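structure36.txt (compact mmCIF, C-alpha atoms)
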# COMPACT_ATOMS: atom_id res chain seq x y z
CA MET E 28 144.14 -5.37 -120.60
CA SER E 29 146.74 -5.74 -117.82
CA SER E 30 146.28 -7.94 -114.78
CA GLY E 31 145.85 -4.83 -112.64
CA GLU E 32 142.78 -3.67 -114.56
CA GLY E 33 139.35 -5.01 -115.21
CA GLY E 34 135.76 -4.90 -114.18
CA LEU E 35 134.06 -5.77 -110.91
CA GLY E 36 135.53 -8.90 -109.39
CA ALA E 37 138.76 -8.75 -111.38
CA ALA E 38 142.00 -9.01 -109.44
CA ARG E 39 143.87 -5.74 -109.03
CA THR E 40 147.53 -5.52 -108.18
CA VAL E 41 148.42 -2.75 -105.76
CA LEU E 42 151.69 -1.30 -104.50
CA ALA E 43 151.63 -0.51 -100.76
CA ILE E 44 154.03 1.89 -99.02
CA ASP E 45 154.35 3.10 -95.43
CA THR E 46 157.14 5.08 -93.76
CA ALA E 47 155.14 6.45 -90.81
CA THR E 48 157.10 4.45 -88.22
CA ASP E 49 160.75 3.51 -87.78
CA SER E 50 160.11 0.70 -90.30
CA VAL E 51 160.07 1.00 -94.07
CA VAL E 52 157.13 -1.11 -95.26
CA THR E 53 156.32 -1.92 -98.86
CA GLY E 54 154.65 -4.74 -100.74
CA VAL E 55 152.78 -5.87 -103.82
CA VAL E 56 149.26 -7.06 -103.09
CA GLU E 57 146.49 -8.72 -105.10
CA LEU E 58 143.04 -7.32 -104.34
CA THR E 59 139.82 -9.10 -105.37
CA GLY E 60 137.28 -7.46 -103.09
CA ASP E 61 136.75 -4.78 -100.47
CA THR E 62 137.51 -6.70 -97.26
CA ILE E 63 140.66 -7.94 -95.54
CA ALA E 64 139.80 -11.47 -96.68
CA ASP E 65 140.12 -10.30 -100.30
CA VAL E 66 143.72 -9.14 -99.87
CA ARG E 67 146.60 -11.46 -100.80
CA VAL E 68 150.20 -10.38 -100.32
CA LEU E 69 152.42 -11.39 -103.24
CA ALA E 70 155.63 -9.90 -101.81
CA GLU E 71 156.51 -7.72 -98.85
CA ARG E 72 159.53 -6.09 -97.24
CA VAL E 73 159.74 -4.60 -93.74
CA VAL E 74 163.04 -3.07 -92.64
CA THR E 75 163.44 -1.18 -89.36
CA ASP E 76 165.88 1.69 -89.80
CA HIS E 77 164.41 5.16 -89.38
CA ARG E 78 167.60 6.83 -90.64
CA ARG E 79 167.51 5.15 -94.07
CA HIS E 80 163.91 5.47 -95.25
CA ALA E 81 164.86 7.30 -98.45
CA GLU E 82 167.82 5.03 -99.16
CA LEU E 83 165.87 1.80 -98.69
CA LEU E 84 162.41 2.41 -100.10
CA THR E 85 162.95 2.32 -103.87
CA THR E 86 165.21 -0.73 -103.57
CA LEU E 87 162.62 -2.58 -101.50
CA ILE E 88 159.88 -1.69 -104.01
CA ALA E 89 162.00 -3.10 -106.83
CA GLU E 90 162.58 -6.29 -104.83
CA CYS E 91 158.84 -6.72 -104.21
CA LEU E 92 157.98 -6.21 -107.87
CA ALA E 93 160.62 -8.73 -108.92
CA GLU E 94 159.57 -11.32 -106.34
CA SER E 95 155.87 -10.99 -107.18
CA GLY E 96 156.48 -11.15 -110.93
CA ILE E 97 154.37 -8.01 -111.36
CA SER E 98 155.55 -5.28 -113.71
CA ARG E 99 155.04 -1.62 -112.89
CA ASP E 100 152.65 -1.29 -115.83
CA SER E 101 150.40 -3.96 -114.30
CA LEU E 102 149.78 -2.00 -111.10
CA ALA E 103 146.23 -0.70 -110.68
CA ALA E 104 146.85 1.63 -107.74
CA VAL E 105 149.28 2.75 -105.08
CA VAL E 106 148.31 2.86 -101.40
CA VAL E 107 150.34 5.08 -99.09
CA GLY E 108 150.26 5.27 -95.31
CA CYS E 109 149.81 8.96 -94.46
CA GLY E 110 150.64 8.71 -90.80
CA PRO E 111 150.43 9.97 -88.21
CA GLY E 112 154.18 10.01 -88.14
CA PRO E 113 157.27 12.23 -88.09
CA PHE E 114 157.71 14.78 -90.86
CA THR E 115 160.84 13.33 -92.46
CA GLY E 116 159.65 9.73 -92.58
CA LEU E 117 156.22 10.54 -93.96
CA ARG E 118 157.66 12.78 -96.65
CA VAL E 119 159.75 9.91 -98.06
CA GLY E 120 156.89 7.44 -98.43
CA MET E 121 154.32 9.91 -99.68
CA ALA E 122 156.64 11.52 -102.23
CA THR E 123 157.69 8.11 -103.57
CA GLY E 124 154.11 6.82 -103.73
CA ALA E 125 152.86 9.94 -105.47
CA ALA E 126 155.73 9.80 -107.98
CA PHE E 127 155.01 6.13 -108.82
CA ALA E 128 151.31 6.83 -109.28
CA ASP E 129 151.91 9.91 -111.42
CA ALA E 130 154.44 8.17 -113.65
CA LEU E 131 152.11 5.20 -114.22
CA GLY E 132 148.90 7.20 -114.50
CA ILE E 133 147.20 5.31 -111.66
CA PRO E 134 145.51 6.54 -108.47
CA ALA E 135 147.38 7.00 -105.19
CA HIS E 136 145.14 6.32 -102.19
CA GLY E 137 146.20 7.69 -98.82
CA VAL E 138 145.18 5.86 -95.65
CA CYS E 139 145.74 6.38 -91.94
CA SER E 140 148.64 4.15 -90.90
CA LEU E 141 146.92 3.36 -87.60
CA ASP E 142 143.91 2.07 -89.57
CA ALA E 143 146.22 -0.36 -91.36
CA LEU E 144 147.47 -1.67 -88.01
CA ALA E 145 143.92 -2.12 -86.72
CA LEU E 146 142.77 -3.99 -89.83
CA ASP E 147 145.66 -6.41 -90.20
CA THR E 148 144.69 -8.43 -87.13
CA THR E 149 142.15 -10.90 -85.82
CA PRO E 150 139.11 -8.94 -84.55
CA PRO E 151 138.70 -9.38 -80.78
CA GLY E 152 134.94 -9.84 -81.05
CA GLU E 153 131.87 -7.83 -81.93
CA GLY E 154 131.46 -4.70 -79.80
CA SER E 155 135.00 -4.94 -78.42
CA ASP E 156 137.33 -2.01 -78.94
CA VAL E 157 140.80 -2.18 -80.48
CA LEU E 158 143.51 0.23 -79.34
CA VAL E 159 146.41 1.20 -81.61
CA VAL E 160 149.42 3.06 -80.20
CA THR E 161 152.67 4.03 -81.91
CA ASP E 162 155.73 6.07 -80.95
CA ALA E 163 155.36 9.81 -81.61
CA ARG E 164 158.74 10.59 -80.00
CA ARG E 165 159.14 13.62 -77.71
CA ARG E 166 157.65 11.44 -74.94
CA GLU E 167 154.30 11.26 -76.73
CA VAL E 168 152.29 8.62 -78.56
CA TYR E 169 149.99 8.48 -81.56
CA TRP E 170 146.82 6.57 -80.77
CA ALA E 171 143.33 5.68 -81.96
CA LEU E 172 140.42 3.48 -80.90
CA TYR E 173 138.40 1.19 -83.19
CA ARG E 174 135.10 -0.63 -82.86
CA ASP E 175 133.91 -3.30 -85.29
CA GLY E 176 136.66 -2.24 -87.72
CA ALA E 177 135.76 1.47 -87.72
CA ARG E 178 137.78 4.23 -86.08
CA VAL E 179 135.78 5.85 -83.27
CA ARG E 180 138.50 8.01 -81.71
CA GLY E 181 141.65 9.62 -83.04
CA PRO E 182 144.19 9.73 -84.42
CA GLU E 183 145.65 11.89 -81.68
CA VAL E 184 149.09 12.73 -80.32
CA THR E 185 149.23 12.76 -76.52
CA ALA E 186 151.51 12.12 -73.55
CA PRO E 187 151.22 8.45 -72.48
CA ALA E 188 150.19 9.36 -68.91
CA THR E 189 147.28 11.40 -70.24
CA VAL E 190 146.15 8.53 -72.48
CA ALA E 191 146.46 6.11 -69.55
CA GLU E 192 144.30 8.32 -67.34
CA GLU E 193 141.68 8.75 -70.06
CA LEU E 194 141.51 5.06 -70.94
CA SER E 195 141.67 3.70 -67.41
CA PRO E 196 137.87 3.34 -67.08
CA VAL E 197 137.72 1.67 -70.49
CA PHE E 198 140.45 -0.80 -69.52
CA THR E 199 138.78 -1.51 -66.17
CA ALA E 200 135.46 -2.20 -67.88
CA GLY E 201 137.17 -4.62 -70.26
CA GLU E 202 135.97 -2.72 -73.32
CA VAL E 203 139.30 -2.99 -75.15
CA GLY E 204 139.76 -6.51 -76.45
CA ALA E 205 143.08 -6.11 -78.23
CA ALA E 206 145.89 -3.62 -78.76
CA TYR E 207 148.39 -3.22 -81.57
CA GLY E 208 151.43 -1.10 -82.33
CA SER E 209 154.49 -0.46 -80.17
CA ALA E 210 154.53 -2.88 -77.23
CA SER E 211 156.57 -0.56 -75.00
CA HIS E 212 154.27 2.40 -75.66
CA LEU E 213 151.15 0.30 -75.12
CA GLU E 214 152.56 -0.52 -71.71
CA LEU E 215 153.07 3.18 -71.02
CA VAL E 216 149.39 3.93 -71.67
CA GLY E 217 148.29 1.21 -69.27
CA TRP E 218 147.63 -1.77 -71.53
CA THR E 219 148.15 -5.03 -69.62
CA GLY E 220 146.57 -7.47 -72.08
CA ALA E 221 148.14 -9.70 -74.70
CA PRO E 222 151.19 -8.44 -76.62
CA PRO E 223 150.36 -6.83 -79.98
CA GLN E 224 149.92 -9.19 -82.94
CA ALA E 225 150.92 -6.37 -85.29
CA THR E 226 153.55 -3.76 -84.42
CA VAL E 227 153.89 -1.79 -87.69
CA PRO E 228 151.54 -1.22 -90.64
CA SER E 229 151.65 -4.06 -93.18
CA ALA E 230 151.07 -4.16 -96.91
CA ARG E 231 147.96 -6.24 -96.24
CA GLY E 232 146.51 -3.78 -93.74
CA LEU E 233 147.32 -0.75 -95.89
CA VAL E 234 145.53 -2.16 -98.93
CA ALA E 235 142.61 -3.39 -96.81
CA ALA E 236 142.12 0.17 -95.55
CA ALA E 237 141.87 1.46 -99.12
CA ALA E 238 140.10 -1.57 -100.61
CA PRO E 239 136.53 -0.15 -100.69
CA ALA E 240 137.72 2.98 -102.53
CA ILE E 241 139.88 1.00 -104.97
CA ILE E 242 137.11 -1.50 -105.79
CA ALA E 243 134.58 1.31 -106.23
CA GLY E 244 136.94 3.08 -108.65
CA GLU E 245 136.91 6.26 -106.57
CA ILE E 246 139.17 9.11 -107.60
CA PRO E 247 141.24 9.78 -104.46
CA GLU E 248 141.93 13.17 -102.97
CA PRO E 249 145.55 14.38 -103.06
CA LEU E 250 147.75 12.73 -100.44
CA VAL E 251 147.71 14.70 -97.19
CA PRO E 252 150.13 13.82 -94.38
CA LEU E 253 148.83 13.34 -90.85
CA TYR E 254 151.55 15.09 -88.88
CA LEU E 255 149.19 16.02 -85.99
CA ARG E 256 151.79 18.59 -85.01
CA ARG E 257 153.97 21.05 -86.82
CA PRO E 258 157.30 19.96 -88.36
CA ASP E 259 160.40 20.35 -86.19
CA ALA E 260 161.78 23.27 -88.20
CA VAL E 261 158.56 25.26 -87.77
CA GLU E 262 158.40 24.62 -84.02
CA GLN E 263 162.06 25.51 -83.55
CA LYS E 264 161.54 28.76 -85.45
CA ALA E 265 158.48 29.55 -83.33
CA ARG E 266 160.45 28.93 -80.14
CA LYS E 267 163.27 31.22 -81.31
CA LEU E 268 160.80 33.97 -82.19
CA GLY E 269 159.17 33.60 -78.81
CA ALA E 270 162.51 33.82 -77.06
CA ALA E 271 163.47 36.92 -79.06
CA ARG E 272 160.26 38.66 -78.00
Would you mind writing the file out in structure tokens?
Amino acid sequence: MSSGEGGLGAARTVLAIDTATDSVVTGVVELTGDTIADVRVLAERVVTDHRRHAELLTTLIAECLAESGISRDSLAAVVVGCGPGPFTGLRVGMATGAAFADALGIPAHGVCSLDALALDTTPPGEGSDVLVVTDARRREVYWALYRDGARVRGPEVTAPATVAEELSPVFTAGEVGAAYGSASHLELVGWTGAPPQATVPSARGLVAAAAPAIIAGEIPEPLVPLYLRRPDAVEQKARKLGAAR
């Protein structure tokens, strides 16, 4: 039996991948339970270069496996951040994660990348909301709200001014205790609190988001990307058709 297998309570080794932001994130993680406290990162790489996702990812995975001393055959699962994010970036991470899982005969669990950001932080206190905001480009942001570790709103893609207007009463009432993601975009939506502890999804947060399903031995659904809007090519075609009419 490999180190990535076993019964309840056995350590499982998991490969984590996320390309939903400008950063390529991957890591090898040891999982012993279904909470963030049961996640131990053995190796991790985070490289910010949105133009080289495809070029970097497989190399970074190989580096993490080598550093952790974990062989591919010892992996128990793959966890992939499914966005929200841009079409091209998401496609790289999800295709790579699915290919690894298929080749090794192990499950590939998809998680919301914003969930990973919300989990990989110190909770602000019971009953206090957590806001996560990332860059959606086109002068928009991806965002979601969390309470006691559970997502209660989102993910959505919206103009920052609209988010700011909607969340203004929540900010005024002090209901949001912490915010994570892109610091500049948090500022655009009206956040004036402490700078974000986490700015991109981490291997730890990704695996924590999937931990209950992995520990329970659930068979995951096929990976589905959270684009929240149509790919660029589709929108450009729609605009051209509209212009022609």
When you look at region 108-118 of chain E with a cut-off of 9 Å (counting all atoms listed in the file), what residues show up, excluding the ones that are within fewer than 6 positions of it in the same chain? I need them as a PyMOL selection string. chain E and resi 43-49+51+77-78+80-81+136-141+143+161-164+169-170+182-184+228+233+250-259
Give as a PyMOL selection string every residue, naming chains and numbers as the document does, that has an atom within 10 Å of (145.0, -4.9, -103.6), counting only C-alpha atoms. chain E and resi 31+38-43+55-63+65-69+102-106+230-231+233-238+241-242
Taking (163.4, -2.5, -107.9) in the file's coordinates, which residues come within 12 Å, counting only C-alpha atoms, written as a list of chain:residue names? E:Thr53, E:Gly54, E:Val55, E:Arg72, E:Leu83, E:Leu84, E:Thr85, E:Thr86, E:Leu87, E:Ile88, E:Ala89, E:Glu90, E:Cys91, E:Leu92, E:Ala93, E:Glu94, E:Ser95, E:Gly96, E:Ile97, E:Ser98, E:Arg99
One number please: CA of Ala206 (chain E) to CA of Ser155 (chain E), in Å, one decimal.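 Straight-line distance from CA of Ala206 (chain E) to CA of Ser155 (chain E) works out to 11.0 Å.
For the atom pair formed by CA of Ser229 (chain E) and CA of Ala130 (chain E), the distance is 24.0 Å, given to one decimal.
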Of E:Val179, E:Ile133, E:Val119, E:Ala70, the one nearest to Gly244 (chain E) when counting all atoms listed in the file is E:Ile133
So that I can check the surroundings of Leu172 (chain E), please list as an MDAnalysis selection string every protein, DNA and RNA residue that reaches within 9 Å of it, counting all atoms listed in the file and ignoring chain neighbours fewer than 4 positions away. chainID E and resid 145 156:159 177:182 203
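Across the structure, CA of Gly217 (chain E) and CA of Tyr173 (chain E) are spaced 17.1 Å apart.
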For Leu215 (chain E), which residue among E:Glu82, E:Glu71, E:Glu192, E:Asp129 is the nearest when counting all atoms listed in the file?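 With all atoms listed in the file as the atom set, the closest residue is E:Glu192.
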